[in-house]
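Chemist: One file: entry.pdb (PDB, C-alpha atoms).
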```
MODEL        1
ATOM      1  CA  MET A   1       2.221 -30.661   1.800
ATOM      2  CA  PRO A   2      -1.333 -29.257   2.191
ATOM      3  CA  VAL A   3      -1.847 -25.499   2.092
ATOM      4  CA  GLN A   4      -1.731 -23.796   5.474
ATOM      5  CA  VAL A   5      -2.393 -20.168   6.333
ATOM      6  CA  THR A   6       0.344 -19.163   8.745
ATOM      7  CA  ALA A   7      -0.182 -15.411   8.446
ATOM      8  CA  VAL A   8      -2.761 -13.021   7.058
ATOM      9  CA  MET A   9      -1.295  -9.713   5.892
ATOM     10  CA  LEU A  10      -3.420  -6.603   5.400
ATOM     11  CA  GLY A  11      -2.275  -3.583   3.438
ATOM     12  CA  VAL A  12      -3.263  -0.523   5.484
ATOM     13  CA  LYS A  13      -3.341   3.213   4.721
ATOM     14  CA  ASP A  14      -2.261   4.375   8.196
ATOM     15  CA  LEU A  15      -0.100   1.852  10.045
ATOM     16  CA  ASN A  16      -0.283   3.621  13.417
ATOM     17  CA  ARG A  17      -4.090   3.874  13.266
ATOM     18  CA  SER A  18      -4.467   0.189  12.365
ATOM     19  CA  LYS A  19      -1.885  -0.845  14.946
ATOM     20  CA  ALA A  20      -3.908   0.982  17.613
ATOM     21  CA  PHE A  21      -7.177  -0.532  16.326
ATOM     22  CA  TYR A  22      -5.961  -4.135  16.516
ATOM     23  CA  GLY A  23      -3.592  -3.728  19.473
ATOM     24  CA  ASP A  24      -5.214  -1.288  21.871
ATOM     25  CA  GLY A  25      -8.781  -1.594  20.609
ATOM     26  CA  LEU A  26      -9.176  -5.331  20.059
ATOM     27  CA  GLY A  27      -6.421  -6.487  22.421
ATOM     28  CA  CYS A  28      -4.208  -8.306  19.912
ATOM     29  CA  GLU A  29      -0.661  -8.920  21.171
ATOM     30  CA  ILE A  30       2.145  -7.375  19.089
ATOM     31  CA  ASP A  31       4.730  -9.960  18.095
ATOM     32  CA  MET A  32       6.893  -7.820  15.745
ATOM     33  CA  ASP A  33       6.939  -4.064  15.292
ATOM     34  CA  PHE A  34       8.933  -2.417  12.491
ATOM     35  CA  PRO A  35       8.567   0.992  10.781
ATOM     36  CA  ASN A  36       6.390  -0.286   7.874
ATOM     37  CA  PHE A  37       5.202  -3.601   9.333
ATOM     38  CA  VAL A  38       3.510  -4.921  12.487
ATOM     39  CA  GLN A  39       2.658  -8.528  13.280
ATOM     40  CA  PHE A  40       0.220  -9.701  15.936
ATOM     41  CA  ASP A  41       0.217 -13.073  17.679
ATOM     42  CA  LEU A  42      -3.449 -14.087  17.802
ATOM     43  CA  GLY A  43      -2.868 -17.047  20.112
ATOM     44  CA  ASP A  44      -2.897 -20.796  19.847
ATOM     45  CA  ASN A  45      -4.551 -22.364  16.818
ATOM     46  CA  SER A  46      -4.676 -19.084  14.909
ATOM     47  CA  SER A  47      -2.672 -17.616  12.082
ATOM     48  CA  SER A  48      -0.799 -14.427  12.861
ATOM     49  CA  LEU A  49      -2.122 -11.090  11.603
ATOM     50  CA  ALA A  50       0.315  -8.740   9.875
ATOM     51  CA  LEU A  51      -0.190  -5.106   8.878
ATOM     52  CA  TYR A  52       1.934  -3.619   6.095
ATOM     53  CA  GLU A  53       1.710  -0.069   4.746
ATOM     54  CA  TRP A  54      -0.569  -0.187   1.684
ATOM     55  CA  ASP A  55       1.850   1.163  -0.928
ATOM     56  CA  ALA A  56       4.755  -0.890   0.436
ATOM     57  CA  ALA A  57       2.599  -4.044   0.357
ATOM     58  CA  ALA A  58       1.644  -3.342  -3.268
ATOM     59  CA  ARG A  59       5.312  -2.815  -4.203
ATOM     60  CA  ASP A  60       6.220  -6.038  -2.397
ATOM     61  CA  ALA A  61       3.679  -7.951  -4.509
ATOM     62  CA  GLY A  62       4.583  -6.099  -7.706
ATOM     63  CA  VAL A  63       1.052  -4.726  -8.239
ATOM     64  CA  SER A  64      -0.591  -1.308  -8.422
ATOM     65  CA  PRO A  65      -1.648   0.219  -5.086
ATOM     66  CA  GLU A  66      -4.862   1.545  -6.710
ATOM     67  CA  GLY A  67      -8.108  -0.219  -5.917
ATOM     68  CA  SER A  68     -11.102  -0.022  -3.621
ATOM     69  CA  GLY A  69     -14.445  -1.576  -2.832
ATOM     70  CA  PHE A  70     -15.171  -5.134  -1.768
ATOM     71  CA  ARG A  71     -11.951  -7.094  -1.830
ATOM     72  CA  GLY A  72     -13.643 -10.509  -2.035
ATOM     73  CA  VAL A  73     -12.524 -11.507   1.445
ATOM     74  CA  SER A  74     -13.808 -11.267   4.997
ATOM     75  CA  PHE A  75     -12.447 -12.571   8.255
ATOM     76  CA  HIS A  76     -14.664 -14.595  10.548
ATOM     77  CA  PHE A  77     -14.418 -14.821  14.322
ATOM     78  CA  ILE A  78     -16.659 -17.476  15.851
ATOM     79  CA  VAL A  79     -17.433 -16.902  19.534
ATOM     80  CA  ARG A  80     -19.465 -18.701  22.185
ATOM     81  CA  SER A  81     -22.349 -16.307  22.824
ATOM     82  CA  PRO A  82     -24.396 -13.453  21.370
ATOM     83  CA  GLU A  83     -23.181 -11.304  24.274
ATOM     84  CA  THR A  84     -19.590 -11.837  23.110
ATOM     85  CA  VAL A  85     -20.605 -10.862  19.566
ATOM     86  CA  ASP A  86     -22.047  -7.602  20.925
ATOM     87  CA  GLU A  87     -18.965  -7.009  23.086
ATOM     88  CA  LEU A  88     -16.558  -7.427  20.154
ATOM     89  CA  MET A  89     -18.701  -5.276  17.877
ATOM     90  CA  GLY A  90     -18.631  -2.565  20.561
ATOM     91  CA  LYS A  91     -14.855  -2.843  20.971
ATOM     92  CA  ALA A  92     -14.350  -2.493  17.224
ATOM     93  CA  LEU A  93     -16.560   0.600  17.087
ATOM     94  CA  ALA A  94     -14.859   2.182  20.116
ATOM     95  CA  ALA A  95     -11.448   1.507  18.557
ATOM     96  CA  GLY A  96     -12.272   3.414  15.360
ATOM     97  CA  GLY A  97     -13.905   0.713  13.265
ATOM     98  CA  SER A  98     -17.369   0.867  11.746
ATOM     99  CA  VAL A  99     -20.438  -1.276  12.113
ATOM    100  CA  VAL A 100     -21.163  -2.611   8.630
ATOM    101  CA  LYS A 101     -24.068  -4.845   9.613
ATOM    102  CA  GLU A 102     -25.667  -4.668  13.033
ATOM    103  CA  ALA A 103     -25.559  -7.950  14.936
ATOM    104  CA  GLU A 104     -28.844  -9.826  14.776
ATOM    105  CA  ALA A 105     -30.352 -13.302  14.914
ATOM    106  CA  SER A 106     -30.014 -15.198  11.655
ATOM    107  CA  PRO A 107     -32.406 -17.580   9.893
ATOM    108  CA  TRP A 108     -30.006 -20.483  10.556
ATOM    109  CA  GLY A 109     -30.256 -19.940  14.305
ATOM    110  CA  GLY A 110     -27.048 -18.081  14.952
ATOM    111  CA  TYR A 111     -26.342 -14.461  15.814
ATOM    112  CA  PHE A 112     -23.849 -12.338  13.893
ATOM    113  CA  GLY A 113     -22.775  -8.922  12.714
ATOM    114  CA  TYR A 114     -20.027  -7.357  10.604
ATOM    115  CA  PHE A 115     -17.610  -4.594  11.439
ATOM    116  CA  GLY A 116     -15.021  -2.881   9.284
ATOM    117  CA  ASP A 117     -11.530  -2.039  10.442
ATOM    118  CA  PRO A 118     -10.133   1.454   9.697
ATOM    119  CA  ASP A 119      -9.244   0.358   6.138
ATOM    120  CA  GLY A 120     -12.613  -1.254   5.468
ATOM    121  CA  TYR A 121     -11.591  -4.888   5.898
ATOM    122  CA  LEU A 122     -14.677  -6.855   6.888
ATOM    123  CA  TRP A 123     -14.862  -8.945  10.052
ATOM    124  CA  LYS A 124     -17.856 -11.175  10.769
ATOM    125  CA  VAL A 125     -18.407 -11.982  14.437
ATOM    126  CA  ALA A 126     -20.802 -14.880  14.949
ATOM    127  CA  ALA A 127     -22.177 -17.145  17.651
ATOM    128  CA  SER A 128     -24.102 -20.283  16.748
TER     129      SER A 128
ENDMDL
END
```
Mind turning this structure into structure tokens?
Modeler:
Amino acid sequence: MPVQVTAVMLGVKDLNRSKAFYGDGLGCEIDMDFPNFVQFDLGDNSSSLALYEWDAAARDAGVSPEGSGFRGVSFHFIVRSPETVDELMGKALAAGGSVVKEAEASPWGGYFGYFGDPDGYLWKVAAS
């Protein structure tokens, strides 16, 4: 069987803050909500997004919870227009995220920017 990504799980420092960021701020629909874990249904043709308290996620994987900096991963959201890129970047900022790279035209003809969620996970929003 080929590899499929059915869920992406993020370890987060403050579950309530991240739940509000993704749920209230970005409009993701909560599918499951437990004391240390929240899962969002991101709609058809998308993996689900799960949030797990950082230390609990590290224990679950059997690794140290220490670590910071670039995690070697970013999430990409491809949209239809530059206006939608700007709208999503604004929503992320208003919800408590940070603008990591302002949206701008790219040499390849697209338009994109990066925002960080409250735990610093990188999201690229792009229109081609």
Chemist: When the PyMOL selection byres ((chain A and resi 26) around 10) is applied to the file above, which residues end up in the set, as an mmCIF file with C-alpha atoms, in the coordinates of the input?
Modeler:
```cif
data_model
loop_
_atom_site.group_PDB
_atom_site.id
_atom_site.type_symbol
_atom_site.label_atom_id
_atom_site.label_comp_id
_atom_site.auth_asym_id
_atom_site.auth_seq_id
_atom_site.Cartn_x
_atom_site.Cartn_y
_atom_site.Cartn_z
ATOM 1 C CA LYS A 19 -1.885 -0.845 14.946
ATOM 2 C CA ALA A 20 -3.908 0.982 17.613
ATOM 3 C CA PHE A 21 -7.177 -0.532 16.326
ATOM 4 C CA TYR A 22 -5.961 -4.135 16.516
ATOM 5 C CA GLY A 23 -3.592 -3.728 19.473
ATOM 6 C CA ASP A 24 -5.214 -1.288 21.871
ATOM 7 C CA GLY A 25 -8.781 -1.594 20.609
ATOM 8 C CA GLY A 27 -6.421 -6.487 22.421
ATOM 9 C CA CYS A 28 -4.208 -8.306 19.912
ATOM 10 C CA GLU A 29 -0.661 -8.920 21.171
ATOM 11 C CA LEU A 88 -16.558 -7.427 20.154
ATOM 12 C CA MET A 89 -18.701 -5.276 17.877
ATOM 13 C CA GLY A 90 -18.631 -2.565 20.561
ATOM 14 C CA LYS A 91 -14.855 -2.843 20.971
ATOM 15 C CA ALA A 92 -14.350 -2.493 17.224
ATOM 16 C CA LEU A 93 -16.560 0.600 17.087
ATOM 17 C CA ALA A 94 -14.859 2.182 20.116
ATOM 18 C CA ALA A 95 -11.448 1.507 18.557
#
```
Chemist: What is the CA of Tyr114 in chain A-CA of Ser18 in chain A distance in Å, reported with one decimal?
Modeler: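 Result for CA of Tyr114 in chain A versus CA of Ser18 in chain A: 17.4 Å, one decimal.
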Chemist: Can you tell me which residues surround range 72-85 of chain A at a distance of at most 10 Å, considering only C-alpha atoms, apart from same-chain residues fewer than 3 positions away, and format the answer as number ranges by chain?
Modeler: A: 8, 69, 88-91, 103-105, 110-114, 116, 121-128
Chemist: Of the candidates A:Met9, A:Met32, A:Val100, A:Pro107, which shows the shortest atom-to-atom distance to Ser47 in chain A, using all atoms listed in the file?
Modeler: A:Met9
Chemist: Have a look at A:Asp117, A:Phe34, A:Glu66, A:Asp14 and name the one nearest to Glu53 in chain A; count only C-alpha atoms.
Modeler: A:Asp14
Chemist: Applying 12 Å and all atoms listed in the file, which residues near Asn45 in chain A remain after dropping the ones on its own chain fewer than 2 positions away? List them as a list in words.
Modeler: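 Final neighbour list, sorted by chain and number: Gln4, Val5, Thr6, Ala7, Asp41, Leu42, Gly43, Ser47 and Ser48 of chain A.
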Chemist: CA of Asp44 in chain A and CA of Asn16 in chain A, how far apart in Å?
Modeler: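 CA of Asp44 in chain A lies 25.4 Å from CA of Asn16 in chain A.
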Chemist: Just to confirm, what's the straight-line distance from CA of Asp60 in chain A to CA of Phe40 in chain A in Å (one decimal)?
Modeler: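 Atom-to-atom, CA of Asp60 in chain A to CA of Phe40 in chain A, that is 19.6 Å.
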Chemist: Which residue, A:Pro2, A:Glu87, A:Leu10, A:Asn36, has the smallest gap to Leu49 in chain A when you use all atoms listed in the file?
Modeler: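 Looking at the shortest contact to Leu49 in chain A, the residue is A:Leu10.
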Chemist: Please enclose the listed atoms of range 88-92 of chain A in an axis-aligned box, pad each side by 6 Å, and write out the centre and the three edge lengths in Å, rounded to one decimal, as AutoDock Vina command-line options.
Modeler:
```
--center_x -16.5 --center_y -5.0 --center_z 19.1 --size_x 16.4 --size_y 16.9 --size_z 15.7
```
Chemist: So that I can see what lies close to Val38 in chain A, please list as a list in words the residues with an atom at most 8 Å from it, counting all atoms listed in the file and leaving out residues fewer than 3 positions away in the same chain.
Modeler: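 Final neighbour list, sorted by chain and number: Lys19, Ile30, Asp31, Met32, Asp33, Phe34, Pro35, Ala50, Leu51 and Tyr52 of chain A.
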Chemist: Have range 51-80 of chain A completed to N, CA and C atoms, please, and pass it along as a short mmCIF file (atom, residue, chain, number, x, y, z; two decimals), keeping the file's coordinate frame.
Modeler:
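The resulting file, part32.cif, is reproduced below:
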```cif
data_model
loop_
_atom_site.label_atom_id
_atom_site.label_comp_id
_atom_site.auth_asym_id
_atom_site.auth_seq_id
_atom_site.Cartn_x
_atom_site.Cartn_y
_atom_site.Cartn_z
N LEU A 51 0.21 -6.35 9.51
CA LEU A 51 -0.19 -5.11 8.88
C LEU A 51 1.03 -4.54 8.16
N TYR A 52 0.84 -4.13 6.92
CA TYR A 52 1.93 -3.62 6.10
C TYR A 52 1.40 -2.35 5.44
N GLU A 53 2.18 -1.29 5.39
CA GLU A 53 1.71 -0.07 4.75
C GLU A 53 1.27 -0.39 3.32
N TRP A 54 0.10 0.14 2.94
CA TRP A 54 -0.57 -0.19 1.68
C TRP A 54 0.35 -0.13 0.47
N ASP A 55 1.00 1.01 0.26
CA ASP A 55 1.85 1.16 -0.93
C ASP A 55 3.05 0.22 -0.88
N ALA A 56 3.62 0.03 0.29
CA ALA A 56 4.76 -0.89 0.44
C ALA A 56 4.32 -2.33 0.16
N ALA A 57 3.11 -2.70 0.61
CA ALA A 57 2.60 -4.04 0.36
C ALA A 57 2.37 -4.26 -1.14
N ALA A 58 1.85 -3.24 -1.82
CA ALA A 58 1.64 -3.34 -3.27
C ALA A 58 2.98 -3.49 -3.99
N ARG A 59 3.98 -2.69 -3.60
CA ARG A 59 5.31 -2.82 -4.20
C ARG A 59 5.88 -4.21 -3.96
N ASP A 60 5.71 -4.72 -2.74
CA ASP A 60 6.22 -6.04 -2.40
C ASP A 60 5.64 -7.11 -3.32
N ALA A 61 4.35 -6.97 -3.65
CA ALA A 61 3.68 -7.95 -4.51
C ALA A 61 3.85 -7.66 -6.00
N GLY A 62 4.39 -6.47 -6.31
CA GLY A 62 4.58 -6.10 -7.71
C GLY A 62 3.29 -5.73 -8.41
N VAL A 63 2.34 -5.13 -7.66
CA VAL A 63 1.05 -4.73 -8.24
C VAL A 63 0.79 -3.26 -7.95
N SER A 64 -0.22 -2.70 -8.62
CA SER A 64 -0.59 -1.31 -8.42
C SER A 64 -1.26 -1.13 -7.06
N PRO A 65 -0.98 -0.03 -6.36
CA PRO A 65 -1.65 0.22 -5.09
C PRO A 65 -3.07 0.74 -5.24
N GLU A 66 -3.51 1.03 -6.48
CA GLU A 66 -4.86 1.54 -6.71
C GLU A 66 -5.88 0.42 -6.55
N GLY A 67 -7.04 0.76 -6.06
CA GLY A 67 -8.11 -0.22 -5.92
C GLY A 67 -8.94 0.08 -4.69
N SER A 68 -10.22 -0.26 -4.75
CA SER A 68 -11.10 -0.02 -3.62
C SER A 68 -12.32 -0.92 -3.74
N GLY A 69 -13.23 -0.79 -2.81
CA GLY A 69 -14.44 -1.58 -2.83
C GLY A 69 -14.26 -2.93 -2.17
N PHE A 70 -15.23 -3.81 -2.37
CA PHE A 70 -15.17 -5.13 -1.77
C PHE A 70 -13.98 -5.89 -2.32
N ARG A 71 -13.18 -6.42 -1.44
CA ARG A 71 -11.95 -7.09 -1.83
C ARG A 71 -12.14 -8.60 -2.02
N GLY A 72 -13.40 -9.08 -1.84
CA GLY A 72 -13.64 -10.51 -2.04
C GLY A 72 -13.19 -11.36 -0.87
N VAL A 73 -12.98 -10.75 0.28
CA VAL A 73 -12.52 -11.51 1.44
C VAL A 73 -13.13 -10.89 2.70
N SER A 74 -13.44 -11.74 3.67
CA SER A 74 -13.81 -11.27 5.00
C SER A 74 -13.20 -12.23 6.00
N PHE A 75 -13.02 -11.76 7.19
CA PHE A 75 -12.45 -12.57 8.26
C PHE A 75 -13.57 -12.92 9.22
N HIS A 76 -13.58 -14.14 9.70
CA HIS A 76 -14.66 -14.60 10.55
C HIS A 76 -14.12 -15.00 11.92
N PHE A 77 -14.78 -14.52 12.94
CA PHE A 77 -14.42 -14.82 14.32
C PHE A 77 -15.64 -15.45 14.97
N ILE A 78 -15.55 -16.75 15.26
CA ILE A 78 -16.66 -17.48 15.85
C ILE A 78 -16.47 -17.47 17.37
N VAL A 79 -17.50 -17.03 18.07
CA VAL A 79 -17.43 -16.90 19.53
C VAL A 79 -18.54 -17.74 20.16
N ARG A 80 -18.56 -17.80 21.48
CA ARG A 80 -19.46 -18.70 22.18
C ARG A 80 -20.86 -18.16 22.44
#
```
